[in-house]
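**Q** For reference, this is data-v1.cif, and it has mmCIF, C-alpha atoms.
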data_structure
#
loop_
_atom_site.label_atom_id
_atom_site.label_comp_id
_atom_site.auth_asym_id
_atom_site.auth_seq_id
_atom_site.Cartn_x
_atom_site.Cartn_y
_atom_site.Cartn_z
CA MET B 56 1.93 -28.53 12.37
CA THR B 57 2.30 -26.39 9.27
CA HIS B 58 5.81 -26.07 7.84
CA THR B 59 6.27 -22.69 6.17
CA LEU B 60 9.30 -21.59 4.19
CA VAL B 61 9.85 -17.84 3.72
CA ILE B 62 11.85 -16.45 0.80
CA ASP B 63 12.30 -12.71 0.37
CA THR B 64 14.68 -10.83 -1.94
CA SER B 65 13.24 -7.34 -1.57
CA PHE B 66 16.50 -6.17 0.04
CA GLY B 67 19.37 -8.62 -0.05
CA SER B 68 17.73 -11.93 0.81
CA THR B 69 16.09 -13.58 3.78
CA VAL B 70 15.41 -17.30 3.77
CA GLY B 71 14.05 -19.32 6.67
CA VAL B 72 11.52 -21.79 7.99
CA ALA B 73 8.96 -20.24 10.34
CA GLY B 74 9.90 -21.04 13.93
CA HIS B 75 13.61 -21.07 13.16
CA GLU B 76 16.32 -18.45 12.65
CA PRO B 77 16.62 -17.32 9.01
CA ILE B 78 19.69 -16.73 6.88
CA VAL B 79 19.97 -13.05 5.97
CA GLU B 80 22.22 -11.89 3.12
CA THR B 81 22.68 -8.11 2.92
CA ASP B 82 25.17 -8.01 0.04
CA SER B 83 23.04 -7.42 -3.07
CA ARG B 84 25.96 -8.50 -5.28
CA THR B 85 25.94 -12.09 -4.04
CA HIS B 86 22.58 -12.84 -2.46
CA VAL B 87 21.01 -14.24 -5.64
CA GLU B 88 23.79 -16.77 -6.27
CA LYS B 89 23.56 -17.94 -2.65
CA LEU B 90 19.77 -18.27 -2.69
CA GLN B 91 19.41 -21.93 -3.69
CA GLY B 92 22.07 -23.08 -1.25
CA ASN B 93 20.51 -21.08 1.58
CA ILE B 94 17.07 -22.55 0.87
CA ALA B 95 18.48 -26.09 1.06
CA ARG B 96 20.34 -25.24 4.25
CA VAL B 97 17.40 -23.77 6.22
CA VAL B 98 15.12 -26.63 5.24
CA ALA B 99 17.70 -29.18 6.37
CA ASP B 100 18.48 -27.24 9.58
CA ALA B 101 14.76 -27.35 10.43
CA GLY B 102 14.91 -31.14 10.15
CA LEU B 103 12.75 -31.15 7.02
CA LYS B 104 12.86 -32.31 3.45
CA PRO B 105 11.47 -30.09 0.64
CA SER B 106 8.50 -32.47 0.36
CA ASP B 107 7.60 -31.68 4.00
CA LEU B 108 6.85 -28.02 3.19
CA ASP B 109 3.18 -27.05 3.40
CA GLU B 110 3.49 -23.37 2.49
CA ILE B 111 6.01 -21.16 0.76
CA VAL B 112 5.71 -17.44 1.49
CA VAL B 113 7.57 -15.25 -0.98
CA GLY B 114 8.20 -11.53 -0.78
CA VAL B 115 6.72 -9.72 -3.78
CA GLY B 116 8.34 -6.35 -3.10
CA PRO B 117 8.08 -3.56 -3.82
CA ALA B 118 11.69 -3.73 -4.87
CA PRO B 119 13.98 -3.33 -7.90
CA PHE B 120 13.60 -5.82 -10.73
CA THR B 121 16.39 -8.39 -10.87
CA GLY B 122 16.80 -9.50 -7.26
CA LEU B 123 13.06 -9.55 -6.62
CA ARG B 124 12.40 -11.69 -9.68
CA ALA B 125 15.01 -14.25 -8.60
CA GLY B 126 13.27 -14.86 -5.28
CA ILE B 127 9.81 -15.19 -6.81
CA VAL B 128 10.99 -17.56 -9.54
CA ALA B 129 12.74 -19.75 -6.95
CA ALA B 130 9.62 -19.84 -4.77
CA LYS B 131 7.32 -20.70 -7.68
CA ALA B 132 9.62 -23.47 -8.88
CA LEU B 133 9.87 -24.99 -5.41
CA ALA B 134 6.11 -24.78 -4.87
CA PHE B 135 5.51 -26.49 -8.20
CA ALA B 136 7.99 -29.25 -7.39
CA THR B 137 6.76 -29.93 -3.85
CA GLY B 138 3.07 -29.14 -4.11
CA ALA B 139 3.37 -26.59 -1.29
CA LYS B 140 0.88 -23.72 -1.24
CA LEU B 141 2.41 -20.50 -2.58
CA LEU B 142 1.61 -17.20 -0.84
CA GLY B 143 2.85 -13.72 -1.73
CA GLN B 144 3.51 -10.93 0.76
CA ASN B 145 4.64 -7.34 0.28
CA VAL B 146 7.43 -6.12 2.52
CA LEU B 147 5.83 -2.85 3.67
CA GLU B 148 2.74 -3.82 5.67
CA PRO B 149 4.57 -6.22 8.03
CA GLN B 150 6.94 -3.33 8.83
CA ALA B 151 4.02 -1.56 10.47
CA GLN B 152 3.13 -4.61 12.54
CA TRP B 153 6.71 -5.05 13.71
CA ASN B 154 6.88 -1.35 14.62
CA LEU B 155 3.91 -1.71 16.97
CA ILE B 156 5.48 -4.75 18.61
CA ARG B 157 8.82 -2.91 18.85
CA ARG B 158 7.18 0.05 20.59
CA GLY B 159 5.19 -2.24 22.84
CA LYS B 160 8.35 -3.96 24.06
CA ALA B 161 10.03 -0.59 24.62
CA GLY B 162 7.02 0.68 26.58
CA THR B 163 6.46 3.57 24.15
CA LEU B 164 3.27 2.41 22.44
CA GLY B 165 1.06 4.49 24.72
CA ASP B 166 -2.70 4.39 25.12
CA PRO B 167 -4.16 3.66 21.65
CA ARG B 168 -7.15 5.87 22.50
CA THR B 169 -4.99 8.97 22.92
CA PHE B 170 -1.62 8.12 21.32
CA HIS B 171 -1.78 7.17 17.67
CA VAL B 172 1.28 5.61 16.04
CA LEU B 173 1.42 5.90 12.27
CA THR B 174 4.08 3.92 10.44
CA LEU B 175 5.68 5.17 7.26
CA ALA B 176 6.95 1.82 5.99
CA VAL B 177 9.71 2.23 3.39
CA ASN B 178 12.08 0.22 1.24
CA ASP B 179 15.01 1.56 -0.77
CA ALA B 180 14.01 1.92 -4.43
CA ARG B 181 17.42 3.30 -5.49
CA ARG B 182 17.64 6.22 -7.93
CA LYS B 183 17.10 8.54 -4.93
CA GLN B 184 13.58 7.18 -4.42
CA LEU B 185 11.75 5.15 -1.79
CA TYR B 186 8.91 2.67 -1.94
CA PHE B 187 6.51 3.62 0.83
CA GLU B 188 3.11 3.17 2.47
CA LEU B 189 1.62 5.14 5.36
CA CYS B 190 -0.09 2.73 7.74
CA PRO B 191 -2.46 3.83 10.54
CA SER B 192 -2.68 2.86 14.17
CA PRO B 193 -4.24 -0.49 15.08
CA VAL B 194 -7.95 -0.53 15.80
CA GLU B 195 -8.89 0.39 19.35
CA GLY B 196 -8.35 -2.47 21.74
CA ALA B 197 -6.00 -4.41 19.47
CA GLY B 198 -2.88 -5.74 21.12
CA THR B 199 0.63 -5.65 19.74
CA ASP B 200 0.36 -9.29 18.69
CA ARG B 201 -2.55 -8.56 16.37
CA GLN B 202 -1.59 -9.00 12.73
CA ASP B 203 -4.49 -7.17 11.07
CA ILE B 204 -3.77 -4.00 9.13
CA ALA B 205 -6.28 -1.25 8.53
CA LYS B 206 -6.65 0.54 5.21
CA PRO B 207 -3.48 2.62 4.57
CA LEU B 208 -3.61 6.39 4.79
CA ILE B 209 -1.40 6.49 1.69
CA ALA B 210 -1.44 3.40 -0.49
CA MET B 211 1.79 1.74 -1.62
CA ASP B 212 3.74 3.97 -4.02
CA ILE B 213 7.20 5.11 -5.11
CA ASP B 214 8.40 8.70 -4.87
CA TYR B 215 11.28 11.02 -3.96
CA PRO B 216 11.78 11.58 -0.22
CA ALA B 217 10.95 15.31 -0.32
CA SER B 218 7.68 14.56 -2.09
CA ILE B 219 6.91 11.77 0.36
CA VAL B 220 7.31 14.23 3.24
CA GLU B 221 4.79 16.60 1.65
CA ARG B 222 2.29 13.81 1.00
CA VAL B 223 2.65 12.36 4.49
CA ASN B 224 2.22 15.74 6.16
CA GLU B 225 -0.96 16.35 4.19
CA ALA B 226 -2.32 12.91 5.12
CA VAL B 227 -1.41 13.34 8.79
CA ARG B 228 -3.15 16.72 8.98
CA ALA B 229 -6.31 15.12 7.65
CA TYR B 230 -5.94 12.17 10.03
CA ARG B 231 -5.60 14.49 13.03
CA GLN B 232 -9.09 15.79 12.36
CA THR B 233 -10.51 12.30 12.95
CA VAL B 234 -8.80 11.38 16.24
CA GLU B 235 -8.15 12.77 19.71
CA GLY B 236 -4.74 12.92 21.33
CA ASP B 237 -1.20 12.81 19.99
CA VAL B 238 -0.10 11.50 16.61
CA VAL B 239 3.43 10.31 15.88
CA VAL B 240 4.88 9.05 12.59
CA ASP B 241 7.64 6.43 12.75
CA VAL B 242 9.70 5.78 9.61
CA ILE B 243 10.60 2.09 9.41
CA GLY B 244 12.55 0.18 6.76
CA HIS B 245 15.65 0.07 4.60
CA GLY B 246 16.46 3.49 3.17
CA ALA B 247 15.17 5.38 6.20
CA GLU B 248 18.65 6.31 7.42
CA LYS B 249 19.89 7.27 3.95
CA TYR B 250 17.20 9.95 3.67
CA ALA B 251 16.82 10.74 7.37
CA ALA B 252 17.72 14.42 6.92
CA VAL B 253 14.80 14.85 4.52
CA LEU B 254 12.36 12.55 6.33
CA ASP B 255 12.96 14.52 9.52
CA GLY B 256 10.71 17.14 7.90
CA ILE B 257 7.67 14.96 8.63
CA GLU B 258 5.45 16.66 11.18
CA SER B 259 5.45 14.81 14.52
CA VAL B 260 8.13 12.43 13.26
CA GLY B 261 9.01 9.77 15.80
CA ASP B 262 11.64 7.07 15.34
CA ILE B 263 13.54 6.72 12.08
CA THR B 264 14.67 3.10 12.03
CA ASP B 265 16.70 1.66 9.15
CA SER B 266 15.71 -1.93 9.73
CA SER B 267 13.24 -4.42 8.29
CA VAL B 268 10.86 -6.84 9.92
CA LEU B 269 12.90 -9.56 8.21
CA ASP B 270 16.03 -8.39 10.04
CA GLN B 271 14.43 -9.51 13.31
CA GLY B 272 15.32 -13.17 13.16
CA GLU B 273 12.76 -15.81 14.06
CA GLN B 274 10.25 -13.24 15.34
CA GLY B 275 10.33 -11.19 12.16
CA LEU B 276 9.99 -14.30 10.03
CA GLY B 277 6.89 -15.25 11.99
CA ILE B 278 5.31 -11.80 11.56
CA PHE B 279 5.94 -11.90 7.82
CA ALA B 280 4.55 -15.42 7.40
CA THR B 281 1.48 -14.75 9.57
CA GLU B 282 0.68 -11.61 7.60
CA ALA B 283 0.84 -13.59 4.35
CA VAL B 284 -1.54 -16.25 5.68
CA LEU B 285 -4.07 -13.64 6.87
CA ASN B 286 -3.94 -11.80 3.56
CA ALA B 287 -4.47 -15.08 1.70
CA GLU B 288 -7.54 -15.78 3.81
CA HIS B 289 -8.96 -12.37 2.92
CA ASP B 290 -8.07 -12.68 -0.78
CA PRO B 291 -7.33 -16.31 -1.69
CA ASP B 292 -7.17 -15.56 -5.41
CA ALA B 293 -4.56 -12.80 -5.18
CA PRO B 294 -1.80 -13.43 -7.77
CA VAL B 295 1.78 -13.91 -6.63
CA GLU B 296 3.41 -11.34 -8.86
CA PRO B 297 6.25 -8.84 -8.32
CA LEU B 298 5.55 -5.27 -7.25
CA TYR B 299 8.01 -3.09 -9.14
CA LEU B 300 5.96 0.16 -9.06
CA ARG B 301 8.31 1.44 -11.74
CA ARG B 302 8.41 0.83 -15.45
CA PRO B 303 11.39 -1.28 -16.58
CA ASP B 304 14.26 0.48 -18.36
CA ALA B 305 13.91 -1.77 -21.39
CA GLU B 306 11.37 -0.58 -23.94
CA VAL B 307 9.90 -2.13 -27.05
CA PRO B 308 11.79 -0.52 -29.95
CA ALA B 309 9.89 1.52 -32.52
CA PRO B 310 9.30 -0.27 -35.85
CA LEU B 311 11.96 0.22 -38.49
CA LYS B 312 11.23 2.82 -41.13
CA HIS B 313 10.80 1.45 -44.65
CA VAL B 314 12.97 2.73 -47.48
CA LEU B 315 10.88 4.61 -50.03
CA GLY B 316 10.06 2.45 -53.02
CA HIS B 317 10.73 -0.79 -51.10
CA GLU B 318 7.95 -3.36 -51.46
CA GLY B 319 7.45 -3.40 -47.69
CA ALA B 320 6.59 0.30 -47.75
CA GLU B 321 3.71 -0.34 -50.14
CA ARG B 322 2.31 -3.15 -47.96
CA THR B 323 2.22 -0.92 -44.86
CA ALA B 324 0.98 2.23 -46.58
#
Would you write out, as structure tokens, the structure that this file holds?
**A**
Amino acid sequence: MTHTLVIDTSFGSTVGVAGHEPIVETDSRTHVEKLQGNIARVVADAGLKPSDLDEIVVGVGPAPFTGLRAGIVAAKALAFATGAKLLGQNVLEPQAQWNLIRRGKAGTLGDPRTFHVLTLAVNDARRKQLYFELCPSPVEGAGTDRQDIAKPLIAMDIDYPASIVERVNEAVRAYRQTVEGDVVVDVIGHGAEKYAAVLDGIESVGDITDSSVLDQGEQGLGIFATEAVLNAEHDPDAPVEPLYLRRPDAEVPAPLKHVLGHEGAERTA
């Protein structure tokens, strides 16, 4: 049996061992300082020692800088200390998988040959922006337990909600030309409710759900971990690095100007 620890700080923090209930911290002011204690707690509650861990799956965003970095650093340090395999996973693509499972349980998934569910997976980027990715329907014949993800209709990006609506509508119009039947766009993820009034301008908008796959307890943890394993199989050399999608505020300062006649001015002339 493979023992997999999941650490994600893309929104608050989620820490858990696959197959067990995670600890979810939603307060962004305290989740980083609680991270180490929560890791120790979930490992112990699963009846494990750190040395028993086979894999560590860490969320790589997209998300703002400080909190995201704390989770990745903690995961890398623990993987180094224990020898566990380190896997990275973005937070957007598993949202689409959870959405299909959510609709399947509610009986609203429909016939995949004539009812196409697109998922606009989002995460709050602050500064009145959202991280987002537009994910297509599963391939024909795939069940709701399938964890594969087709090529996105709009690749992962960051933008203002009004601009996202325009880009999604354009992509959906093009997508409609390639399929038969109805198309619906669900908006899933943190930040969806904050900008619901704007996102409601998406053509054929379906559910707007301000919730993450990692808010779904043991099931969500399993979806996230499984997605990471599949992605690692497809691209085993993918680096585990943060996805900020935004340049940091800090910039390298311009060089100081030399005083005329100073010996340094002559050396740089």
**Q** Specify as a PyMOL selection string each residue included when the PyMOL selection byres ((chain B and resi 242) around 7) is applied to this file.
**A** chain B and resi 174-176+240-241+243-244+247+262-264
**Q** Between B:Arg231, B:Lys131, B:Lys104, B:Arg124, which has the minimum distance to Ser65 in chain B (counting only C-alpha atoms)?
**A** B:Arg124
**Q** Counting all atoms listed in the file, figure out which residue out of B:Glu88, B:Asp212, B:Asp255, B:Asp100 gets nearest to Ala180 in chain B.
**A**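 The answer is B:Asp212, which sits nearest to Ala180 in chain B.
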**Q** May I ask for the distance between CA of Thr233 in chain B and CA of Gly165 in chain B, given in Å to one decimal place?
**A**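 About the pair CA of Thr233 in chain B and CA of Gly165 in chain B: they are 18.3 Å apart.
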**Q** Could you tell me how far CA of Ala293 in chain B lies from CA of Glu76 in chain B, in Å and to one decimal?
**A**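 Interatomic distance here is 28.0 Å.
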**Q** What residues come out when you apply the PyMOL selection byres ((chain B and resi 135-147) around 7) to this file, written as number ranges by chain?
**A** B: 105-106, 108-117, 131-134, 148-150, 176-177, 188, 283, 287, 295
**Q** Please compute the CA of Val87 in chain B-CA of Ala129 in chain B distance, one decimal, in Å.
**A**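 Between these atoms lies a distance of 10.0 Å.
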**Q** Rank nothing, just name the residue among B:Val239, B:Ala151, B:Ile127, B:Leu298 nearest to Ser68 in chain B, using all atoms listed in the file.
**A**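 Checking each candidate against Ser68 in chain B, we get B:Ile127 as the closest.
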**Q** List the residues matched by the PyMOL selection byres ((chain B and resi 82) around 12) in the displayed structure as a PyMOL selection string, ordered by chain and then by residue number.
**A** chain B and resi 64+66-69+79-81+83-90+122
**Q** Hey, which of B:Ser259, B:Gln271, B:Gln152, B:Thr281 ends up closest to Arg228 in chain B? Count only C-alpha atoms.
**A**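 For Arg228 in chain B, the nearest of the given residues is B:Ser259.
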**Q** Using only C-alpha atoms for the distances, tell me which of B:Asp237, B:Ala125, B:Leu269, B:Ala229 is nearest to Thr169 in chain B.
**A**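 That would be B:Asp237, the residue with the smallest distance to Thr169 in chain B.
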**Q** Which polymer residues, whether protein, DNA or RNA, lie within 8 Å of the coordinate (9.3, -18.6, 11.2) when you count all atoms listed in the file? List them as a list in words, using the chain letters and numbers from the file.
**A**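 Neighbouring residues, ordered by chain and number, come to Thr59, Leu60, Val61, Gly71, Val72, Ala73, Gly74, His75, Glu76, Pro77, Glu273, Gln274, Gly275, Leu276, Gly277, Ile278 and Ala280 of chain B.
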